[in-house]
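Engineer: The following block contains the structure, expressed as C-alpha cells.
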Amino acid sequence: MKKYYITTPIYYVNDEPHVGHAYTTTVADALARYHSLCEEKVFFSVGVDENSQKNVQAMKRVKETDLTAYLGRMSQLWQRSWDDLNIAYDRFIRTTTDEHHRAVERFWNAVKTSGDIYEGSYDGLYCLGCEAFKTENELVDKKCPLHPNAELQLIKERNYFFRASAYREQLLNWLDSHPNFVQPESRRHEIRNYIQDHFEDFSISREAKNLETGIPVPGDPEQRIYVWFDALINYLTVVGYGADENEFKTWWPANLHLVGKDIIKFHCALWPAMLMSAAKSDALLRDETGAALLPESIFAHGFFTVQGQKISKSLNNAVDPRDLIPKYGLDAVRYYLLREIPFGEDGDFSIERLEERYVHDLANTLGNLLNRAVAMSRKYFNGAVPLALSHDPEFTFADESGVTALARRFDEHVKHNRFDLALEVVWNGKDKNYGLLQANKFIEDTQPFKLIKTDPEAVAVILYSLLEYCRVVAWLIQPVMPQTSLQIIEQLGQNVEVEQKKKLSDLIAWGGLKPGAALPEPKILFNKLI
C-alpha cells in the first residue's frame, strides 16, 4: 500500500491559535483525508514548538512564573483547538518530550560525526520575532521586514555552528533535478537564489545563561540548541527517529511539508542541508544508494490577513475559527478557507466573503440542489429513489463519463495541493459542465415539477441522475466537508458505515444509488443566517 506522510509547521505556544494557523492545518487535514480516501496509508502530524524564548516572554506577559505549567496549559489549548476543528491528525508533538530530546541528540551527534559542527563566536543581529539571526542583506532600513516594529538584538557570544555552506552546490543540484521539491514555482526560484547567493554557515546554539528554555547541547550544558535546529527534527521524531527504526523506515521521508512562506529558508535550505549532513553518519537517514532521504516536497503558502490587515496583537484582529462554528458550522468555515484562497498565494479573511460563500455556494447551490432532488423524488416516486428506465441525454444531467471526467479533474488539482481549484471544478464544472451550478440550472431548464404531469418516465431519469450526481459530489468533497458529506449520504438513504468501507473508485462510480431505495425526509443542510 502506498504511504503518504504530511506535516504542518509546529507552532509557538506564545498565543492562541488563529484563523491563519487553522488555514494551514485545515489544508493538511483535507489532503490527509483525501489520500486516505484513495486507500493510501496516511500519517499526519501537527504539534507545538515549546523550546522558544518567545514562549517565555508570553508567559511573563500573563504574569506566570512556572514555565512547565504554562507550556502544558498552552499545548493543551492548541491540541483542543485542533480537536474542536475536527483535525484528524495521527500525532500531536510537543518538543519538550524526552522522546524528542533523544531524537535531537541522535541527530546532533550524527551531524557532529560528519564533521559539520564547529565552535565559533557570533557577533550580529538577532530577531526574536523570527527566532533567527539576521544578515545585513535580509534587513530593510535596518529592520526585520517581518517584524519592523521590533528592535533587533545585538548578540555576541560563543556558539556552535553548522557547516551549511558546504552543502550549497549539493542543494542547488537537488533543486535543479527535483523541480517539485519546493512549491509553488515562485518560491523555488526564491530559495534557489537564496542558496546560491546568501547561504552561509548557521549558528546552531546559544549560550545557556542567556536563555530560559531549550535543549542542552550534547556534552556541553553551557550551550542550548538553537530553536530552529531542534524544531525541524520534529518531523523525524513523530515517525520514530531514535525510538522505533521500523516505524521510521515505514514513513520517512515525508511526502509533504506544508509551511508559510516566511519560514522557507529554514525548511527549504537549512533542513535539507541538515539531513544531507546527518545522513553521512546515520544510515537510517539515507537510501540504498547512500543518498540522503529528503522530503519529497515542501509547499509554502502565502501570508494570511484579516480584512486586509496583518494579524496582530496590537490590532486585536486575530480570529479564532472556533468562534465561527456556532453561526456558520464547521464545514462551512473549512469550505471557505480552502475555496476562497488560491493555495500558495496571499489570502485575506473576511466575514463578508464567508457569508457570501455560505449563502451562494452552500445554501443556495449545494443545499438547494440536494433538497429539491430528494423532495421531488419522494413526492413523485413514493418516497424512494426513482427507477430510470432510460438514459435519454435530454433528461440526464450527468452520467458515468461525466462524473468520471469531473472526478479526474478534481484529483489532478488535489494532487497539486490545490483544493481551491478542485472545489471550483465541483461548483462550476469541468469546462462548465457537470458542476453544481449547472445541476441547479438543469432543474430550471427541464422543470420536472411540470413535466411530471405529462412524462413521469422522463422525470425519473432527471431525478435519478441528480440524486446520483449528489452522491458522487458528496464523496469528492468529503475531505473538505466531512460532516456535510456524510449528511448528504444519509439523506440519500444510504448507510454511512457501509459506504465508508468502500474504495473511492467504487464510491464515485455511477450507479451507486439503488432504484426503489427509501429516501428519508429531506433536511436543510445550511440554515439561513440570522
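Every chain in the C-alpha cells has a letter given in the order shown (A, B, ...), and although residue numbers restart at 1 in each chain, ligands are simply numbered from 1 in the order shown.
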DSSP on the backbone, helix (DSSP H, G or I) only: what residues of segment 439-495 of chain A does that give? Format it as a VMD selection string.

Structural biologist: chain A and resid 439 to 446 448 to 451 456 to 476 482 to 491

Engineer: Using only C-alpha atoms, determine which residues lie at most 6 Å from Ala318 of chain A, disregarding the query and same-chain residues fewer than 2 positions distant; provide the list as a list in words.

Structural biologist: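 What passes the distance filter is His18, Ile311 and Asn316 of chain A.
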
Engineer: Identify, with DSSP run on backbone atoms, the residues in segment 268-508 of chain A assigned to strand (DSSP E or B), and express the list as a ChimeraX atom specification.

Structural biologist: /A:286,292,298-301,304-306,309-310,347-349,384,430,433

Engineer: Can you pull out every residue within 12 Å of Asp98 of chain A, counting only C-alpha atoms, but drop anything in the same chain fewer than 4 positions away, and send it as a count of residues only?

Structural biologist: 10

Engineer: Quick one: everything within 7 Å of segment 479-489 of chain A, counting only C-alpha atoms, minus sequence neighbours fewer than 2 positions away in the same chain. Send it as an mmCIF file with N, CA and C atoms, in the first residue's frame.

Structural biologist:
```cif
data_model
loop_
_atom_site.group_PDB
_atom_site.id
_atom_site.type_symbol
_atom_site.label_atom_id
_atom_site.label_comp_id
_atom_site.auth_asym_id
_atom_site.auth_seq_id
_atom_site.Cartn_x
_atom_site.Cartn_y
_atom_site.Cartn_z
ATOM 1 N N ALA A 30 -7.313 18.153 5.037
ATOM 2 C CA ALA A 30 -8.063 17.760 3.846
ATOM 3 C C ALA A 30 -7.216 16.883 2.926
ATOM 4 N N ARG A 33 -7.012 13.447 4.498
ATOM 5 C CA ARG A 33 -8.276 12.725 4.311
ATOM 6 C C ARG A 33 -8.425 12.221 2.874
ATOM 7 N N TYR A 34 -8.029 13.053 1.926
ATOM 8 C CA TYR A 34 -8.175 12.636 0.534
ATOM 9 C C TYR A 34 -7.279 11.446 0.212
ATOM 10 N N ASP A 331 -18.044 22.902 8.792
ATOM 11 C CA ASP A 331 -17.743 22.584 7.391
ATOM 12 C C ASP A 331 -17.806 23.814 6.495
ATOM 13 N N ARG A 334 -14.482 25.482 6.915
ATOM 14 C CA ARG A 334 -13.458 24.721 6.191
ATOM 15 C C ARG A 334 -13.579 24.985 4.688
ATOM 16 N N TYR A 335 -14.807 24.960 4.174
ATOM 17 C CA TYR A 335 -15.020 25.197 2.746
ATOM 18 C C TYR A 335 -14.520 26.585 2.357
ATOM 19 N N ARG A 471 -24.642 12.187 -4.896
ATOM 20 C CA ARG A 471 -23.902 11.162 -4.154
ATOM 21 C C ARG A 471 -22.420 11.207 -4.510
ATOM 22 N N ALA A 474 -20.791 14.250 -3.005
ATOM 23 C CA ALA A 474 -20.602 14.108 -1.561
ATOM 24 C C ALA A 474 -19.269 13.456 -1.244
ATOM 25 N N TRP A 475 -18.893 12.440 -2.025
ATOM 26 C CA TRP A 475 -17.629 11.757 -1.743
ATOM 27 C C TRP A 475 -16.429 12.583 -2.209
ATOM 28 N N ILE A 477 -16.204 15.883 -2.064
ATOM 29 C CA ILE A 477 -15.979 16.972 -1.115
ATOM 30 C C ILE A 477 -15.763 16.471 0.309
ATOM 31 N N GLN A 491 -29.009 11.489 3.681
ATOM 32 C CA GLN A 491 -30.238 11.986 3.072
ATOM 33 C C GLN A 491 -30.578 11.256 1.774
ATOM 34 N N LEU A 492 -29.573 10.609 1.209
ATOM 35 C CA LEU A 492 -29.821 9.790 0.016
ATOM 36 C C LEU A 492 -30.223 8.368 0.389
ATOM 37 N N GLY A 493 -30.381 8.128 1.694
ATOM 38 C CA GLY A 493 -30.893 6.844 2.164
ATOM 39 C C GLY A 493 -29.864 5.747 2.270
ATOM 40 N N GLN A 494 -28.560 6.101 2.224
ATOM 41 C CA GLN A 494 -27.538 5.065 2.301
ATOM 42 C C GLN A 494 -26.956 4.951 3.700
ATOM 43 N N VAL A 496 -24.101 5.054 6.052
ATOM 44 C CA VAL A 496 -22.794 5.685 6.037
ATOM 45 C C VAL A 496 -21.680 4.705 6.404
#
```

Engineer: Identify which of the residues A:Ala517, A:Val13, A:Val461, A:Leu387 lies closest to Asn495 of chain A, counting only C-alpha atoms when measuring atom-to-atom distances.

Structural biologist: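 The shortest atom-to-atom distance to Asn495 of chain A comes from A:Ala517.
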
Engineer: What is the distance, in Å and to one decimal place, between atom CA of Ser465 of chain A and atom CA of Phe395 of chain A?

Structural biologist: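 Distance reported for this atom pair: 8.4 Å.
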
Engineer: Can you tell me which residues surround Phe202 of chain A at a distance of at most 9 Å, considering only C-alpha atoms, apart from same-chain residues fewer than 5 positions away, and format the answer as a list in words?

Structural biologist: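 Surrounding residues, per the criterion: Phe133, Tyr160, Phe161, Phe162, Arg163, Ala164, Ser165 and Leu270 of chain A.
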
Engineer: Tell me, as a compact mmCIF listing (two decimals) with all heavy atoms, in the first residue's frame, which residues lie within 9 Å of segment 112-120 of chain A, counting only C-alpha atoms; anything in the same chain fewer than 5 positions away does not count.

Structural biologist:
```
# COMPACT_ATOMS: atom_id res chain seq x y z
N PHE A 107 20.45 13.16 16.29
CA PHE A 107 20.70 13.91 15.06
C PHE A 107 21.91 14.81 15.21
O PHE A 107 22.77 14.89 14.31
CB PHE A 107 19.45 14.74 14.70
CG PHE A 107 19.47 15.32 13.33
CD1 PHE A 107 18.89 14.64 12.27
CD2 PHE A 107 20.06 16.55 13.07
CE1 PHE A 107 18.91 15.17 10.99
CE2 PHE A 107 20.09 17.09 11.80
CZ PHE A 107 19.50 16.39 10.76
N GLU A 157 28.37 36.17 21.27
CA GLU A 157 28.57 35.06 22.20
C GLU A 157 29.21 33.87 21.49
O GLU A 157 29.23 33.80 20.26
CB GLU A 157 27.24 34.64 22.84
CG GLU A 157 26.15 34.23 21.87
CD GLU A 157 24.84 33.86 22.54
OE1 GLU A 157 24.45 34.55 23.50
OE2 GLU A 157 24.21 32.88 22.11
N ARG A 158 29.73 32.96 22.31
CA ARG A 158 30.31 31.72 21.78
C ARG A 158 29.19 30.77 21.41
O ARG A 158 28.27 30.54 22.19
CB ARG A 158 31.20 31.06 22.85
CG ARG A 158 31.85 29.76 22.37
CD ARG A 158 32.73 29.16 23.45
NE ARG A 158 31.95 28.67 24.58
CZ ARG A 158 31.42 27.44 24.64
NH1 ARG A 158 31.60 26.60 23.63
NH2 ARG A 158 30.75 27.05 25.70
N ASN A 159 29.25 30.24 20.20
CA ASN A 159 28.22 29.33 19.69
C ASN A 159 28.85 28.13 18.99
O ASN A 159 30.05 28.13 18.68
CB ASN A 159 27.33 30.05 18.66
CG ASN A 159 26.44 31.13 19.26
OD1 ASN A 159 25.97 31.97 18.53
ND2 ASN A 159 26.22 31.12 20.56
N TYR A 160 28.00 27.16 18.72
CA TYR A 160 28.34 26.10 17.76
C TYR A 160 27.72 26.48 16.42
O TYR A 160 26.61 27.01 16.36
CB TYR A 160 27.80 24.74 18.23
CG TYR A 160 28.57 24.16 19.40
CD1 TYR A 160 28.10 24.32 20.71
CD2 TYR A 160 29.75 23.46 19.20
CE1 TYR A 160 28.79 23.79 21.79
CE2 TYR A 160 30.46 22.93 20.27
CZ TYR A 160 29.97 23.10 21.57
OH TYR A 160 30.68 22.58 22.63
N PHE A 161 28.45 26.18 15.36
CA PHE A 161 27.98 26.49 14.01
C PHE A 161 27.81 25.22 13.20
O PHE A 161 28.53 24.24 13.40
CB PHE A 161 28.99 27.42 13.30
CG PHE A 161 28.92 28.84 13.76
CD1 PHE A 161 29.47 29.22 14.99
CD2 PHE A 161 28.31 29.81 12.98
CE1 PHE A 161 29.41 30.53 15.41
CE2 PHE A 161 28.25 31.13 13.39
CZ PHE A 161 28.80 31.49 14.63
N PHE A 162 26.87 25.27 12.29
CA PHE A 162 26.65 24.17 11.34
C PHE A 162 27.25 24.58 10.00
O PHE A 162 26.96 25.66 9.48
CB PHE A 162 25.16 23.88 11.19
CG PHE A 162 24.82 22.97 10.05
CD1 PHE A 162 25.42 21.72 9.92
CD2 PHE A 162 23.88 23.35 9.08
CE1 PHE A 162 25.10 20.87 8.87
CE2 PHE A 162 23.57 22.51 8.03
CZ PHE A 162 24.17 21.27 7.92
N ARG A 163 28.05 23.70 9.42
CA ARG A 163 28.76 24.00 8.18
C ARG A 163 27.80 23.87 6.99
O ARG A 163 27.96 23.03 6.09
CB ARG A 163 29.95 23.04 8.03
CG ARG A 163 31.15 23.62 7.27
CD ARG A 163 32.28 22.61 7.17
NE ARG A 163 32.71 22.11 8.47
CZ ARG A 163 33.59 22.73 9.26
NH1 ARG A 163 34.09 23.89 8.88
NH2 ARG A 163 33.95 22.20 10.42
N ALA A 164 26.80 24.74 6.98
CA ALA A 164 25.77 24.68 5.95
C ALA A 164 26.30 24.99 4.56
O ALA A 164 25.89 24.39 3.56
CB ALA A 164 24.64 25.66 6.30
N ALA A 166 28.83 24.17 3.11
CA ALA A 166 29.46 23.02 2.44
C ALA A 166 28.46 22.28 1.54
O ALA A 166 28.86 21.47 0.69
CB ALA A 166 30.04 22.06 3.48
N SER A 203 24.68 29.58 12.96
CA SER A 203 24.87 29.38 14.40
C SER A 203 23.73 28.50 14.88
O SER A 203 22.55 28.80 14.65
CB SER A 203 24.83 30.72 15.14
OG SER A 203 24.80 30.50 16.53
N ILE A 204 24.06 27.38 15.51
CA ILE A 204 23.01 26.43 15.91
C ILE A 204 22.97 26.21 17.41
O ILE A 204 22.45 25.20 17.89
CB ILE A 204 23.18 25.09 15.17
CG1 ILE A 204 24.58 24.50 15.41
CG2 ILE A 204 22.88 25.24 13.69
CD1 ILE A 204 24.74 23.08 14.87
N SER A 277 23.85 16.27 5.84
CA SER A 277 24.98 16.10 6.75
C SER A 277 24.80 14.89 7.64
O SER A 277 25.67 14.02 7.74
CB SER A 277 25.15 17.36 7.60
OG SER A 277 26.13 17.16 8.60
N ALA A 278 23.64 14.82 8.32
CA ALA A 278 23.40 13.73 9.26
C ALA A 278 23.41 12.38 8.56
O ALA A 278 23.85 11.37 9.13
CB ALA A 278 22.07 13.95 9.98
N ALA A 279 22.94 12.34 7.31
CA ALA A 279 22.86 11.07 6.57
C ALA A 279 24.23 10.47 6.32
O ALA A 279 24.36 9.25 6.18
CB ALA A 279 22.13 11.29 5.25
N LYS A 280 25.26 11.28 6.30
CA LYS A 280 26.61 10.75 6.08
C LYS A 280 27.05 9.86 7.24
O LYS A 280 27.88 8.96 7.06
CB LYS A 280 27.60 11.90 5.91
CG LYS A 280 27.40 12.68 4.61
CD LYS A 280 28.59 13.59 4.29
CE LYS A 280 28.77 14.67 5.31
NZ LYS A 280 29.84 15.63 4.90
N SER A 281 26.48 10.09 8.43
CA SER A 281 26.89 9.33 9.61
C SER A 281 25.78 8.45 10.18
O SER A 281 26.05 7.60 11.03
CB SER A 281 27.36 10.29 10.72
OG SER A 281 28.43 11.07 10.28
```

Engineer: Could you name the residues that touch segment 149-151 of chain A at 10 Å or less, counting only C-alpha atoms, but leaving out those on the same chain fewer than 3 positions away, as a compact mmCIF listing (two decimals) with N, CA and C atoms, in the first residue's frame?

Structural biologist:
```
# COMPACT_ATOMS: atom_id res chain seq x y z
N LEU A 125 23.15 40.55 14.57
CA LEU A 125 21.79 40.91 14.96
C LEU A 125 20.88 39.68 15.00
N TYR A 126 19.94 39.72 15.93
CA TYR A 126 19.02 38.61 16.14
C TYR A 126 17.61 39.16 16.25
N CYS A 127 16.67 38.55 15.50
CA CYS A 127 15.26 38.94 15.56
C CYS A 127 14.52 37.91 16.39
N LEU A 128 14.00 38.35 17.52
CA LEU A 128 13.27 37.42 18.38
C LEU A 128 11.97 36.98 17.73
N GLY A 129 11.35 37.88 16.94
CA GLY A 129 10.10 37.52 16.28
C GLY A 129 10.27 36.35 15.33
N LYS A 142 17.39 48.69 8.11
CA LYS A 142 17.99 48.16 9.33
C LYS A 142 16.97 47.50 10.27
N LYS A 143 15.85 47.06 9.68
CA LYS A 143 14.80 46.38 10.45
C LYS A 143 14.49 45.04 9.80
N CYS A 144 14.00 44.11 10.61
CA CYS A 144 13.48 42.86 10.03
C CYS A 144 12.20 43.18 9.28
N PRO A 145 12.09 42.85 8.01
CA PRO A 145 10.88 43.20 7.24
C PRO A 145 9.61 42.54 7.78
N LEU A 146 9.76 41.42 8.49
CA LEU A 146 8.58 40.75 9.04
C LEU A 146 8.18 41.31 10.40
N LEU A 154 21.48 42.92 19.46
CA LEU A 154 22.87 42.74 19.08
C LEU A 154 23.46 41.66 19.99
```

Engineer: Interatomic distance between atom CA of Glu499 of chain A and atom CA of Pro515 of chain A?

Structural biologist: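 Result for atom CA of Glu499 of chain A versus atom CA of Pro515 of chain A: 16.6 Å, one decimal.
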
Engineer: Listing only residues of segment 234-309 of chain A within 9 Å of segment 38-54 of chain A, what is the closest atom pair and its distance in Å (to one decimal) for each, using only C-alpha atoms, sorted by chain and residue number ascending, as a tab-separated table?

Structural biologist:
```
residue	atom	partner	partner_atom	distance
A:Asn234	CA	A:Gly47	CA	8.8
A:Tyr235	CA	A:Ser45	CA	8.1
A:Val238	CA	A:Ser45	CA	7.1
A:Val239	CA	A:Phe43	CA	8.5
A:Trp251	CA	A:Phe43	CA	7.6
```

Engineer: So, counting only C-alpha atoms, which residue among A:Ala407, A:Val385, A:Val472, A:Leu258 is closest to Ala518 of chain A?

Structural biologist: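 Nearest to Ala518 of chain A: A:Val385.
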
Engineer: Given the choices A:Thr289, A:Asn440, A:Thr135, A:Gln500, which gets closest to Asn364 of chain A if the distance is worked out from only C-alpha atoms?

Structural biologist: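 Using only C-alpha atoms, the shortest distance to Asn364 of chain A belongs to A:Asn440.
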